[in-house]
Amino acid sequence: MMRAWENRRDTVVFDEPLYAYYLSSTGLDHPGRDEVIASQPTSWRAVVTALADDPLPAGVTIAYAKHMTHHILPDVDLGTFAPFRHAFLIRDPRSLLASYARVRSAPTLSDLGLRQQAGLFEEFGGPVIDSADLLAAPEAALRALCTALGVPFDASMLSWPAGPRASDGVWAPHWYDSVWRSTGFVPVTPGPPPALDPALEPLLEQCLPYYEKLRKTRIKINIPNVSGLPRGAIHCCSSSTSATAT
């Protein structure tokens, strides 16, 4: 999703601006931890203030911040997020867990952000997009999202050049292999759900109620019943995210 917004001429993007704060506060050992902490402010107040108050580049009218919802720890004053518009990208927890476990083998519910995402939705509301719908019908999904956020749709959101971007966080080499190879939204190939380590099945059961609660509120997309495409049913990195736009 961040690639889609960054490809607009009127938009600047911020990649997980609370990641350094999260790692510094929790002491967790993520890939590239020291580099991440050195690359960003470790104060959540400094981050939110910059997102709200820093001037936008010339010609830019939209600031898009991609947040991993688990980065928003309990000591963050959610009231400081009230001026932003919020959107929520959700992903089937089985696919989410299978993807996340390739980098960190023993995730917890707090690592995945679904519980925090549901709480943020209760706090702020905002459009919810299921990543399966986005992949199956990207133009329809993005048009609906833009309408819900009150910004014009731009066809440049549908494709982008492959490779890294200057806006990518320093953690990108550890997490963004598929992002760097992407040039657009690719429908999910029909088939069985991804295999999951049996040890993660209890965590999947914890995740499902939060996902289903958010999924009930998602924007309904008219998905063409094209042979080879699933009807209804990922992306935007490795977890569920919340995006803010000014």
# chains A, B, ... in the order shown; residues from 1 in each chain; ligands from 1
call {"tool": "residues_around", "arguments": {"residues": "Pro138 of chain A", "least_positions_apart": "4", "cutoff": "12 Å", "atoms": "only C-alpha atoms", "output": "compact mmCIF listing (two decimals) with N, CA and C atoms, in the first residue's frame"}}
result
# COMPACT_ATOMS: atom_id res chain seq x y z
N MET A 1 0.83 -1.21 0.00
CA MET A 1 0.00 0.00 0.00
C MET A 1 0.87 1.27 0.00
N ALA A 4 1.90 2.27 -3.43
CA ALA A 4 0.83 2.89 -4.21
C ALA A 4 0.73 4.38 -3.92
N ILE A 129 -9.74 -1.80 4.72
CA ILE A 129 -9.55 -2.51 3.46
C ILE A 129 -8.94 -3.87 3.77
N ASP A 130 -9.55 -4.92 3.26
CA ASP A 130 -8.97 -6.25 3.39
C ASP A 130 -7.97 -6.44 2.26
N SER A 131 -6.77 -6.88 2.59
CA SER A 131 -5.72 -6.98 1.58
C SER A 131 -6.10 -7.96 0.46
N ALA A 132 -6.90 -8.98 0.79
CA ALA A 132 -7.34 -9.91 -0.26
C ALA A 132 -8.20 -9.19 -1.29
N ASP A 133 -9.07 -8.29 -0.83
CA ASP A 133 -9.89 -7.50 -1.76
C ASP A 133 -9.02 -6.56 -2.58
N LEU A 134 -8.03 -5.96 -1.92
CA LEU A 134 -7.13 -5.04 -2.61
C LEU A 134 -6.38 -5.74 -3.73
N LEU A 142 -8.81 0.85 -4.28
CA LEU A 142 -8.14 2.13 -4.07
C LEU A 142 -9.07 3.31 -4.33
N ARG A 143 -9.94 3.17 -5.33
CA ARG A 143 -10.93 4.24 -5.56
C ARG A 143 -11.83 4.39 -4.33
N ALA A 144 -12.27 3.27 -3.77
CA ALA A 144 -13.13 3.33 -2.60
C ALA A 144 -12.39 3.91 -1.41
N LEU A 145 -11.13 3.53 -1.23
CA LEU A 145 -10.34 4.07 -0.12
C LEU A 145 -10.14 5.57 -0.27
N CYS A 146 -9.79 6.02 -1.46
CA CYS A 146 -9.59 7.45 -1.69
C CYS A 146 -10.88 8.23 -1.42
N PHE A 153 -8.77 9.84 -6.46
CA PHE A 153 -8.03 8.67 -6.91
C PHE A 153 -7.04 9.08 -7.98
N ALA A 155 -4.53 7.16 -10.88
CA ALA A 155 -4.22 5.87 -11.51
C ALA A 155 -2.77 5.46 -11.32
N SER A 156 -1.90 6.40 -10.96
CA SER A 156 -0.50 6.04 -10.73
C SER A 156 -0.34 5.13 -9.52
N MET A 157 -1.38 5.00 -8.69
CA MET A 157 -1.32 4.14 -7.51
C MET A 157 -1.33 2.66 -7.88
N LEU A 158 -1.65 2.34 -9.13
CA LEU A 158 -1.83 0.95 -9.52
C LEU A 158 -0.55 0.23 -9.90
N SER A 159 0.53 0.96 -10.19
CA SER A 159 1.79 0.32 -10.55
C SER A 159 2.94 1.25 -10.21
N GLY A 184 3.33 -3.81 -8.74
CA GLY A 184 1.89 -3.56 -8.66
C GLY A 184 1.25 -4.61 -7.77
N PHE A 185 -0.06 -4.63 -7.79
CA PHE A 185 -0.82 -5.57 -6.97
C PHE A 185 -1.09 -6.84 -7.78
N VAL A 186 -0.75 -7.98 -7.23
CA VAL A 186 -0.88 -9.26 -7.92
C VAL A 186 -1.92 -10.10 -7.20
N PRO A 187 -2.95 -10.57 -7.91
CA PRO A 187 -3.97 -11.41 -7.26
C PRO A 187 -3.36 -12.65 -6.62
N VAL A 188 -3.94 -13.06 -5.53
CA VAL A 188 -3.50 -14.27 -4.85
C VAL A 188 -3.83 -15.48 -5.72
N ILE A 221 -16.01 -4.37 -1.69
CA ILE A 221 -15.50 -4.16 -3.04
C ILE A 221 -16.19 -5.11 -4.00
N ASN A 222 -16.61 -4.58 -5.15
CA ASN A 222 -17.21 -5.42 -6.19
C ASN A 222 -16.09 -6.13 -6.93
N ILE A 223 -15.84 -7.38 -6.55
CA ILE A 223 -14.73 -8.14 -7.12
C ILE A 223 -15.22 -8.94 -8.31
N PRO A 224 -14.64 -8.73 -9.49
CA PRO A 224 -15.09 -9.49 -10.67
C PRO A 224 -14.92 -10.98 -10.45
N GLY A 232 -13.06 -12.40 -3.00
CA GLY A 232 -12.95 -11.91 -1.63
C GLY A 232 -11.83 -12.57 -0.87
N ILE A 234 -3.07 -8.86 1.25
CA ILE A 234 -1.92 -9.11 1.90
C ILE A 234 -1.00 -8.16 1.24
N HIS A 235 -0.79 -7.80 1.74
CA HIS A 235 0.42 -7.06 1.44
C HIS A 235 0.49 -5.88 2.38
call {"tool": "residues_around", "arguments": {"residues": "Pro93 of chain A", "least_positions_apart": "3", "cutoff": "12 Å", "atoms": "only C-alpha atoms", "output": "PyMOL selection string"}}
result
chain A and resi 90+96-101+109+112-115+130-132+193-194+196+200-212+214-215+233-234+238-240
call {"tool": "write_last_selection", "arguments": {"atoms": "N, CA and C atoms", "output": "JSON list (two decimals), in the first residue's frame"}}
result
[["chain", "number", "residue", "atom", "x", "y", "z"],
["A", 90, "ILE", "N", -6.18, -4.72, 6.64],
["A", 90, "ILE", "CA", -6.21, -5.98, 7.38],
["A", 90, "ILE", "C", -5.79, -7.12, 6.47],
["A", 96, "LEU", "N", -0.81, -13.82, 7.52],
["A", 96, "LEU", "CA", 0.01, -12.89, 8.30],
["A", 96, "LEU", "C", 1.04, -13.65, 9.14],
["A", 97, "LEU", "N", 0.58, -14.67, 9.85],
["A", 97, "LEU", "CA", 1.48, -15.45, 10.71],
["A", 97, "LEU", "C", 2.54, -16.19, 9.88],
["A", 98, "ALA", "N", 2.13, -16.79, 8.79],
["A", 98, "ALA", "CA", 3.08, -17.52, 7.95],
["A", 98, "ALA", "C", 4.18, -16.60, 7.44],
["A", 99, "SER", "N", 3.80, -15.37, 7.07],
["A", 99, "SER", "CA", 4.77, -14.40, 6.57],
["A", 99, "SER", "C", 5.69, -13.92, 7.69],
["A", 100, "TYR", "N", 5.09, -13.54, 8.82],
["A", 100, "TYR", "CA", 5.87, -12.98, 9.93],
["A", 100, "TYR", "C", 6.86, -14.00, 10.47],
["A", 101, "ALA", "N", 6.44, -15.26, 10.57],
["A", 101, "ALA", "CA", 7.28, -16.30, 11.16],
["A", 101, "ALA", "C", 8.51, -16.62, 10.32],
["A", 109, "LEU", "N", 0.94, -12.42, 20.23],
["A", 109, "LEU", "CA", -0.20, -11.61, 19.80],
["A", 109, "LEU", "C", 0.17, -10.14, 19.76],
["A", 112, "LEU", "N", 1.98, -8.92, 16.55],
["A", 112, "LEU", "CA", 1.25, -8.90, 15.28],
["A", 112, "LEU", "C", 0.38, -7.68, 15.09],
["A", 113, "GLY", "N", -0.04, -7.04, 16.16],
["A", 113, "GLY", "CA", -0.74, -5.78, 16.06],
["A", 113, "GLY", "C", -2.24, -5.86, 15.82],
["A", 114, "LEU", "N", -2.81, -7.05, 15.73],
["A", 114, "LEU", "CA", -4.25, -7.14, 15.45],
["A", 114, "LEU", "C", -5.08, -6.61, 16.61],
["A", 115, "ARG", "N", -4.71, -6.94, 17.82],
["A", 115, "ARG", "CA", -5.44, -6.43, 18.98],
["A", 115, "ARG", "C", -5.35, -4.91, 19.04],
["A", 130, "ASP", "N", -9.55, -4.92, 3.26],
["A", 130, "ASP", "CA", -8.97, -6.25, 3.39],
["A", 130, "ASP", "C", -7.97, -6.44, 2.26],
["A", 131, "SER", "N", -6.77, -6.88, 2.59],
["A", 131, "SER", "CA", -5.72, -6.98, 1.58],
["A", 131, "SER", "C", -6.10, -7.96, 0.46],
["A", 132, "ALA", "N", -6.90, -8.98, 0.79],
["A", 132, "ALA", "CA", -7.34, -9.91, -0.26],
["A", 132, "ALA", "C", -8.20, -9.19, -1.29],
["A", 193, "PRO", "N", -4.66, -22.74, 1.91],
["A", 193, "PRO", "CA", -4.05, -21.70, 2.74],
["A", 193, "PRO", "C", -2.61, -22.04, 3.05],
["A", 194, "PRO", "N", -1.79, -21.04, 3.37],
["A", 194, "PRO", "CA", -0.37, -21.31, 3.63],
["A", 194, "PRO", "C", -0.20, -22.24, 4.83],
["A", 196, "LEU", "N", 1.18, -23.63, 8.21],
["A", 196, "LEU", "CA", 1.51, -22.93, 9.44],
["A", 196, "LEU", "C", 2.09, -23.93, 10.43],
["A", 200, "LEU", "N", 1.97, -22.54, 16.10],
["A", 200, "LEU", "CA", 1.37, -21.22, 15.95],
["A", 200, "LEU", "C", -0.15, -21.26, 15.87],
["A", 201, "GLU", "N", -0.73, -22.44, 15.82],
["A", 201, "GLU", "CA", -2.19, -22.55, 15.71],
["A", 201, "GLU", "C", -2.92, -21.89, 16.89],
["A", 202, "PRO", "N", -2.46, -22.03, 18.14],
["A", 202, "PRO", "CA", -3.14, -21.33, 19.24],
["A", 202, "PRO", "C", -3.09, -19.81, 19.07],
["A", 203, "LEU", "N", -1.99, -19.30, 18.54],
["A", 203, "LEU", "CA", -1.90, -17.85, 18.31],
["A", 203, "LEU", "C", -2.87, -17.44, 17.20],
["A", 204, "LEU", "N", -3.01, -18.28, 16.19],
["A", 204, "LEU", "CA", -3.99, -18.00, 15.13],
["A", 204, "LEU", "C", -5.39, -17.87, 15.73],
["A", 205, "GLU", "N", -5.75, -18.75, 16.63],
["A", 205, "GLU", "CA", -7.06, -18.68, 17.26],
["A", 205, "GLU", "C", -7.25, -17.39, 18.05],
["A", 206, "GLN", "N", -6.19, -16.88, 18.64],
["A", 206, "GLN", "CA", -6.28, -15.60, 19.34],
["A", 206, "GLN", "C", -6.48, -14.44, 18.37],
["A", 207, "CYS", "N", -5.88, -14.55, 17.20],
["A", 207, "CYS", "CA", -5.94, -13.46, 16.22],
["A", 207, "CYS", "C", -7.30, -13.35, 15.53],
["A", 208, "LEU", "N", -7.93, -14.47, 15.28],
["A", 208, "LEU", "CA", -9.12, -14.50, 14.43],
["A", 208, "LEU", "C", -10.25, -13.57, 14.89],
["A", 209, "PRO", "N", -10.58, -13.49, 16.20],
["A", 209, "PRO", "CA", -11.68, -12.61, 16.59],
["A", 209, "PRO", "C", -11.43, -11.15, 16.24],
["A", 210, "TYR", "N", -10.20, -10.68, 16.37],
["A", 210, "TYR", "CA", -9.89, -9.29, 16.04],
["A", 210, "TYR", "C", -10.01, -9.06, 14.54],
["A", 211, "TYR", "N", -9.49, -10.01, 13.76],
["A", 211, "TYR", "CA", -9.60, -9.88, 12.31],
["A", 211, "TYR", "C", -11.05, -9.90, 11.85],
["A", 212, "GLU", "N", -11.83, -10.83, 12.37],
["A", 212, "GLU", "CA", -13.23, -10.93, 11.95],
["A", 212, "GLU", "C", -14.02, -9.69, 12.34],
["A", 214, "LEU", "N", -12.88, -6.61, 12.53],
["A", 214, "LEU", "CA", -12.53, -5.56, 11.58],
["A", 214, "LEU", "C", -13.07, -5.88, 10.19],
["A", 215, "ARG", "N", -13.04, -7.14, 9.83],
["A", 215, "ARG", "CA", -13.48, -7.52, 8.49],
["A", 215, "ARG", "C", -14.96, -7.21, 8.27],
["A", 233, "ALA", "N", -11.98, -13.14, -0.01],
["A", 233, "ALA", "CA", -11.17, -13.89, 0.88],
["A", 233, "ALA", "C", -10.80, -13.90, 2.20],
["A", 234, "ILE", "N", -3.07, -8.86, 1.25],
["A", 234, "ILE", "CA", -1.92, -9.11, 1.90],
["A", 234, "ILE", "C", -1.00, -8.16, 1.24],
["A", 238, "SER", "N", 4.63, -6.78, 6.58],
["A", 238, "SER", "CA", 4.49, -8.09, 7.22],
["A", 238, "SER", "C", 3.44, -8.15, 8.29],
["A", 239, "SER", "N", 2.65, -7.11, 8.42],
["A", 239, "SER", "CA", 1.65, -7.13, 9.48],
["A", 239, "SER", "C", 0.50, -6.22, 9.12],
["A", 240, "SER", "N", -0.55, -6.27, 9.89],
["A", 240, "SER", "CA", -1.64, -5.32, 9.72],
["A", 240, "SER", "C", -1.14, -3.93, 10.04]]
call {"tool": "select_by_dssp", "arguments": {"residues": "segment 86-212 of chain A", "states": "helix (DSSP H, G or I)", "output": "number ranges by chain"}}
result
A: 93-100, 109-112, 114-124, 131-136, 138-149, 155-158, 172-175, 177-181, 198-212
call {"tool": "write_last_selection", "arguments": {"atoms": "C-alpha atoms", "output": "PDB file, in the first residue's frame"}}
result
ATOM      1  CA  PRO A  93      -4.175 -13.980  10.178  1.00  0.00           C
ATOM      2  CA  ARG A  94      -3.023 -17.313   8.758  1.00  0.00           C
ATOM      3  CA  SER A  95      -1.214 -15.573   5.919  1.00  0.00           C
ATOM      4  CA  LEU A  96       0.014 -12.889   8.300  1.00  0.00           C
ATOM      5  CA  LEU A  97       1.477 -15.451  10.709  1.00  0.00           C
ATOM      6  CA  ALA A  98       3.082 -17.519   7.954  1.00  0.00           C
ATOM      7  CA  SER A  99       4.770 -14.403   6.572  1.00  0.00           C
ATOM      8  CA  TYR A 100       5.869 -12.975   9.927  1.00  0.00           C
ATOM      9  CA  LEU A 109      -0.199 -11.612  19.805  1.00  0.00           C
ATOM     10  CA  SER A 110       1.352  -8.263  20.754  1.00  0.00           C
ATOM     11  CA  ASP A 111       3.936  -8.616  17.954  1.00  0.00           C
ATOM     12  CA  LEU A 112       1.251  -8.902  15.280  1.00  0.00           C
ATOM     13  CA  LEU A 114      -4.248  -7.138  15.452  1.00  0.00           C
ATOM     14  CA  ARG A 115      -5.444  -6.432  18.977  1.00  0.00           C
ATOM     15  CA  GLN A 116      -3.962  -2.928  18.838  1.00  0.00           C
ATOM     16  CA  GLN A 117      -5.454  -2.367  15.390  1.00  0.00           C
ATOM     17  CA  ALA A 118      -8.921  -3.252  16.623  1.00  0.00           C
ATOM     18  CA  GLY A 119      -8.462  -0.841  19.526  1.00  0.00           C
ATOM     19  CA  LEU A 120      -7.350   1.966  17.229  1.00  0.00           C
ATOM     20  CA  PHE A 121     -10.342   1.367  14.993  1.00  0.00           C
ATOM     21  CA  GLU A 122     -12.646   1.663  18.012  1.00  0.00           C
ATOM     22  CA  GLU A 123     -10.887   4.906  18.963  1.00  0.00           C
ATOM     23  CA  PHE A 124     -10.850   6.630  15.583  1.00  0.00           C
ATOM     24  CA  SER A 131      -5.724  -6.983   1.576  1.00  0.00           C
ATOM     25  CA  ALA A 132      -7.337  -9.909  -0.258  1.00  0.00           C
ATOM     26  CA  ASP A 133      -9.893  -7.499  -1.758  1.00  0.00           C
ATOM     27  CA  LEU A 134      -7.129  -5.035  -2.615  1.00  0.00           C
ATOM     28  CA  LEU A 135      -5.165  -7.695  -4.490  1.00  0.00           C
ATOM     29  CA  ALA A 136      -8.218  -9.055  -6.294  1.00  0.00           C
ATOM     30  CA  PRO A 138      -6.903  -3.005  -6.809  1.00  0.00           C
ATOM     31  CA  GLU A 139      -8.474  -0.142  -8.738  1.00  0.00           C
ATOM     32  CA  ALA A 140     -11.892  -0.607  -7.169  1.00  0.00           C
ATOM     33  CA  ALA A 141     -10.374  -0.915  -3.698  1.00  0.00           C
ATOM     34  CA  LEU A 142      -8.136   2.131  -4.068  1.00  0.00           C
ATOM     35  CA  ARG A 143     -10.934   4.235  -5.555  1.00  0.00           C
ATOM     36  CA  ALA A 144     -13.129   3.325  -2.599  1.00  0.00           C
ATOM     37  CA  LEU A 145     -10.339   4.066  -0.117  1.00  0.00           C
ATOM     38  CA  CYS A 146      -9.586   7.452  -1.687  1.00  0.00           C
ATOM     39  CA  THR A 147     -13.272   8.360  -1.633  1.00  0.00           C
ATOM     40  CA  ALA A 148     -13.526   7.394   2.027  1.00  0.00           C
ATOM     41  CA  LEU A 149     -10.482   9.536   2.854  1.00  0.00           C
ATOM     42  CA  ALA A 155      -4.223   5.874 -11.509  1.00  0.00           C
ATOM     43  CA  SER A 156      -0.498   6.040 -10.726  1.00  0.00           C
ATOM     44  CA  MET A 157      -1.320   4.137  -7.510  1.00  0.00           C
ATOM     45  CA  LEU A 158      -1.833   0.948  -9.522  1.00  0.00           C
ATOM     46  CA  ALA A 172      13.965  -2.909   4.462  1.00  0.00           C
ATOM     47  CA  PRO A 173      16.696  -5.465   3.579  1.00  0.00           C
ATOM     48  CA  HIS A 174      15.311  -7.746   6.289  1.00  0.00           C
ATOM     49  CA  TRP A 175      11.593  -7.420   5.497  1.00  0.00           C
ATOM     50  CA  ASP A 177      12.223  -8.568  -0.446  1.00  0.00           C
ATOM     51  CA  SER A 178       8.782  -9.013  -2.017  1.00  0.00           C
ATOM     52  CA  VAL A 179       8.118  -5.259  -1.863  1.00  0.00           C
ATOM     53  CA  TRP A 180      11.305  -4.532  -3.778  1.00  0.00           C
ATOM     54  CA  ARG A 181      10.370  -7.088  -6.438  1.00  0.00           C
ATOM     55  CA  PRO A 198       1.345 -26.289  14.446  1.00  0.00           C
ATOM     56  CA  ALA A 199       2.894 -24.426  17.370  1.00  0.00           C
ATOM     57  CA  LEU A 200       1.369 -21.216  15.954  1.00  0.00           C
ATOM     58  CA  GLU A 201      -2.187 -22.551  15.708  1.00  0.00           C
ATOM     59  CA  PRO A 202      -3.138 -21.326  19.241  1.00  0.00           C
ATOM     60  CA  LEU A 203      -1.898 -17.853  18.306  1.00  0.00           C
ATOM     61  CA  LEU A 204      -3.993 -18.003  15.135  1.00  0.00           C
ATOM     62  CA  GLU A 205      -7.065 -18.682  17.258  1.00  0.00           C
ATOM     63  CA  GLN A 206      -6.279 -15.600  19.344  1.00  0.00           C
ATOM     64  CA  CYS A 207      -5.939 -13.458  16.223  1.00  0.00           C
ATOM     65  CA  LEU A 208      -9.122 -14.497  14.428  1.00  0.00           C
ATOM     66  CA  PRO A 209     -11.685 -12.609  16.586  1.00  0.00           C
ATOM     67  CA  TYR A 210      -9.889  -9.286  16.038  1.00  0.00           C
ATOM     68  CA  TYR A 211      -9.597  -9.881  12.311  1.00  0.00           C
ATOM     69  CA  GLU A 212     -13.228 -10.933  11.947  1.00  0.00           C
TER      70      GLU A 212
END
call {"tool": "closest_residue", "arguments": {"among": "A:Asp34, A:Pro17, A:Ala65, A:Asn7", "to": "Ala162 of chain A", "atoms": "only C-alpha atoms"}}
result
A:Asn7
call {"tool": "atom_distance", "arguments": {"atom1": "atom CA of Val47 of chain A", "atom2": "atom CA of Leu18 of chain A"}}
result
6.8 Å
call {"tool": "closest_residue", "arguments": {"among": "A:Asp10, A:Glu35, A:Glu16, A:Asp29", "to": "Ile72 of chain A", "atoms": "only C-alpha atoms"}}
result
A:Glu16
call {"tool": "select_by_dssp", "arguments": {"residues": "segment 18-238 of chain A", "states": "strand (DSSP E or B)", "output": "list of chain:residue names"}}
result
A:Ile62, A:Ala63, A:Tyr64, A:Ala65, A:Lys66, A:His67, A:Met68, A:Arg85, A:His86, A:Ala87, A:Phe88, A:Leu89, A:Ile90, A:Val128, A:Ile129, A:Asp130, A:Ser159, A:Gly184
call {"tool": "atom_distance", "arguments": {"atom1": "atom CA of Ser167 of chain A", "atom2": "atom CA of Thr26 of chain A"}}
result
24.5 Å
call {"tool": "residues_around", "arguments": {"residues": "Gly169 of chain A", "least_positions_apart": "5", "cutoff": "12 Å", "atoms": "only C-alpha atoms", "output": "ChimeraX atom specification"}}
result
/A:2,13-20,32-33,35-40,66-67,164,174-176,237
call {"tool": "write_last_selection", "arguments": {"atoms": "N, CA and C atoms", "output": "mmCIF file, in the first residue's frame"}}
result
data_model
loop_
_atom_site.group_PDB
_atom_site.id
_atom_site.type_symbol
_atom_site.label_atom_id
_atom_site.label_comp_id
_atom_site.auth_asym_id
_atom_site.auth_seq_id
_atom_site.Cartn_x
_atom_site.Cartn_y
_atom_site.Cartn_z
ATOM 1 N N MET A 2 1.982 1.245 0.739
ATOM 2 C CA MET A 2 2.834 2.429 0.771
ATOM 3 C C MET A 2 3.374 2.758 -0.618
ATOM 4 N N VAL A 13 5.528 9.898 1.708
ATOM 5 C CA VAL A 13 5.240 8.785 2.606
ATOM 6 C C VAL A 13 6.281 8.699 3.718
ATOM 7 N N PHE A 14 5.838 8.159 4.842
ATOM 8 C CA PHE A 14 6.708 7.934 5.993
ATOM 9 C C PHE A 14 6.565 6.466 6.399
ATOM 10 N N ASP A 15 7.684 5.774 6.416
ATOM 11 C CA ASP A 15 7.698 4.332 6.628
ATOM 12 C C ASP A 15 7.907 4.013 8.115
ATOM 13 N N GLU A 16 6.860 3.518 8.766
ATOM 14 C CA GLU A 16 6.918 3.061 10.155
ATOM 15 C C GLU A 16 7.694 4.033 11.061
ATOM 16 N N PRO A 17 7.235 5.254 11.178
ATOM 17 C CA PRO A 17 8.006 6.270 11.902
ATOM 18 C C PRO A 17 8.155 6.013 13.396
ATOM 19 N N LEU A 18 7.365 5.084 13.955
ATOM 20 C CA LEU A 18 7.464 4.787 15.390
ATOM 21 C C LEU A 18 8.288 3.524 15.667
ATOM 22 N N TYR A 19 8.958 2.996 14.679
ATOM 23 C CA TYR A 19 9.679 1.737 14.871
ATOM 24 C C TYR A 19 10.829 1.885 15.876
ATOM 25 N N ALA A 20 11.622 2.944 15.756
ATOM 26 C CA ALA A 20 12.740 3.132 16.690
ATOM 27 C C ALA A 20 12.240 3.325 18.114
ATOM 28 N N GLY A 32 18.339 -5.907 12.493
ATOM 29 C CA GLY A 32 18.781 -4.532 12.268
ATOM 30 C C GLY A 32 18.409 -3.569 13.375
ATOM 31 N N ARG A 33 18.219 -4.064 14.581
ATOM 32 C CA ARG A 33 17.724 -3.247 15.689
ATOM 33 C C ARG A 33 18.522 -1.963 15.885
ATOM 34 N N GLU A 35 20.506 -0.333 13.904
ATOM 35 C CA GLU A 35 20.381 0.595 12.776
ATOM 36 C C GLU A 35 19.037 1.312 12.798
ATOM 37 N N VAL A 36 17.980 0.579 13.148
ATOM 38 C CA VAL A 36 16.648 1.191 13.208
ATOM 39 C C VAL A 36 16.635 2.293 14.267
ATOM 40 N N ILE A 37 17.146 1.993 15.455
ATOM 41 C CA ILE A 37 17.124 2.970 16.548
ATOM 42 C C ILE A 37 17.953 4.205 16.195
ATOM 43 N N ALA A 38 19.043 4.004 15.461
ATOM 44 C CA ALA A 38 19.881 5.141 15.074
ATOM 45 C C ALA A 38 19.256 5.987 13.975
ATOM 46 N N SER A 39 18.266 5.431 13.266
ATOM 47 C CA SER A 39 17.746 6.099 12.077
ATOM 48 C C SER A 39 16.550 7.005 12.341
ATOM 49 N N GLN A 40 15.939 6.913 13.533
ATOM 50 C CA GLN A 40 14.699 7.646 13.806
ATOM 51 C C GLN A 40 14.713 8.192 15.228
ATOM 52 N N LYS A 66 2.773 5.064 7.134
ATOM 53 C CA LYS A 66 2.464 3.648 7.329
ATOM 54 C C LYS A 66 2.903 3.257 8.738
ATOM 55 N N HIS A 67 1.940 2.856 9.563
ATOM 56 C CA HIS A 67 2.242 2.442 10.929
ATOM 57 C C HIS A 67 1.994 0.957 11.113
ATOM 58 N N PRO A 164 14.281 -0.720 -4.401
ATOM 59 C CA PRO A 164 14.194 0.050 -3.161
ATOM 60 C C PRO A 164 13.907 1.510 -3.429
ATOM 61 N N HIS A 174 15.742 -6.588 5.512
ATOM 62 C CA HIS A 174 15.311 -7.746 6.289
ATOM 63 C C HIS A 174 13.855 -8.139 6.005
ATOM 64 N N TRP A 175 13.033 -7.176 5.569
ATOM 65 C CA TRP A 175 11.593 -7.420 5.497
ATOM 66 C C TRP A 175 10.992 -7.216 4.099
ATOM 67 N N TYR A 176 11.665 -6.482 3.199
ATOM 68 C CA TYR A 176 11.000 -5.956 2.011
ATOM 69 C C TYR A 176 11.374 -6.664 0.714
ATOM 70 N N CYS A 237 3.668 -4.920 3.673
ATOM 71 C CA CYS A 237 4.706 -5.437 4.566
ATOM 72 C C CYS A 237 4.227 -6.656 5.306
#
call {"tool": "atom_distance", "arguments": {"atom1": "atom CA of His30 of chain A", "atom2": "atom CA of Phe84 of chain A"}}
result
28.4 Å
call {"tool": "residues_around", "arguments": {"residues": "Ala52 of chain A", "least_positions_apart": "3", "cutoff": "12 Å", "atoms": "only C-alpha atoms", "output": "number ranges by chain"}}
result
A: 45-49, 55-56, 62-65, 80-85, 244-246
call {"tool": "write_last_selection", "arguments": {"atoms": "N, CA and C atoms", "output": "compact mmCIF listing (two decimals), in the first residue's frame"}}
result
# COMPACT_ATOMS: atom_id res chain seq x y z
N ARG A 45 6.52 11.37 20.98
CA ARG A 45 6.03 12.75 20.86
C ARG A 45 6.74 13.48 19.73
N ALA A 46 8.05 13.29 19.62
CA ALA A 46 8.79 13.94 18.55
C ALA A 46 8.31 13.46 17.19
N VAL A 47 8.01 12.17 17.08
CA VAL A 47 7.54 11.62 15.82
C VAL A 47 6.18 12.20 15.44
N VAL A 48 5.23 12.16 16.37
CA VAL A 48 3.88 12.63 16.06
C VAL A 48 3.88 14.13 15.78
N THR A 49 4.68 14.88 16.54
CA THR A 49 4.77 16.32 16.30
C THR A 49 5.29 16.61 14.90
N PRO A 55 6.53 21.03 7.55
CA PRO A 55 5.97 21.44 6.24
C PRO A 55 6.15 20.34 5.21
N LEU A 56 5.21 20.26 4.29
CA LEU A 56 5.28 19.29 3.21
C LEU A 56 6.15 19.83 2.08
N ILE A 62 -0.51 15.61 0.42
CA ILE A 62 -0.88 14.46 1.23
C ILE A 62 0.36 13.88 1.89
N ALA A 63 0.30 13.66 3.18
CA ALA A 63 1.34 12.94 3.91
C ALA A 63 0.76 11.59 4.34
N TYR A 64 1.38 10.51 3.89
CA TYR A 64 0.90 9.16 4.19
C TYR A 64 1.91 8.49 5.11
N ALA A 65 1.47 8.11 6.30
CA ALA A 65 2.34 7.43 7.25
C ALA A 65 1.88 5.99 7.40
N THR A 80 -3.14 12.55 20.49
CA THR A 80 -2.28 13.28 19.56
C THR A 80 -2.48 12.80 18.12
N PHE A 81 -3.14 11.65 17.95
CA PHE A 81 -3.42 11.14 16.61
C PHE A 81 -4.77 11.61 16.07
N ALA A 82 -5.52 12.29 16.90
CA ALA A 82 -6.88 12.68 16.51
C ALA A 82 -6.92 13.57 15.26
N PRO A 83 -5.95 14.46 15.02
CA PRO A 83 -6.06 15.33 13.84
C PRO A 83 -5.90 14.61 12.51
N PHE A 84 -5.39 13.38 12.53
CA PHE A 84 -5.14 12.68 11.28
C PHE A 84 -6.37 11.90 10.81
N ARG A 85 -6.40 11.61 9.53
CA ARG A 85 -7.37 10.67 8.99
C ARG A 85 -6.75 9.27 9.03
N THR A 244 -2.07 6.97 8.33
CA THR A 244 -2.61 8.28 8.61
C THR A 244 -2.30 9.21 7.46
N ALA A 245 -3.23 10.08 7.17
CA ALA A 245 -3.01 11.06 6.10
C ALA A 245 -3.44 12.42 6.60
N THR A 246 -2.65 13.43 6.29
CA THR A 246 -3.03 14.78 6.66
C THR A 246 -3.60 15.48 5.45
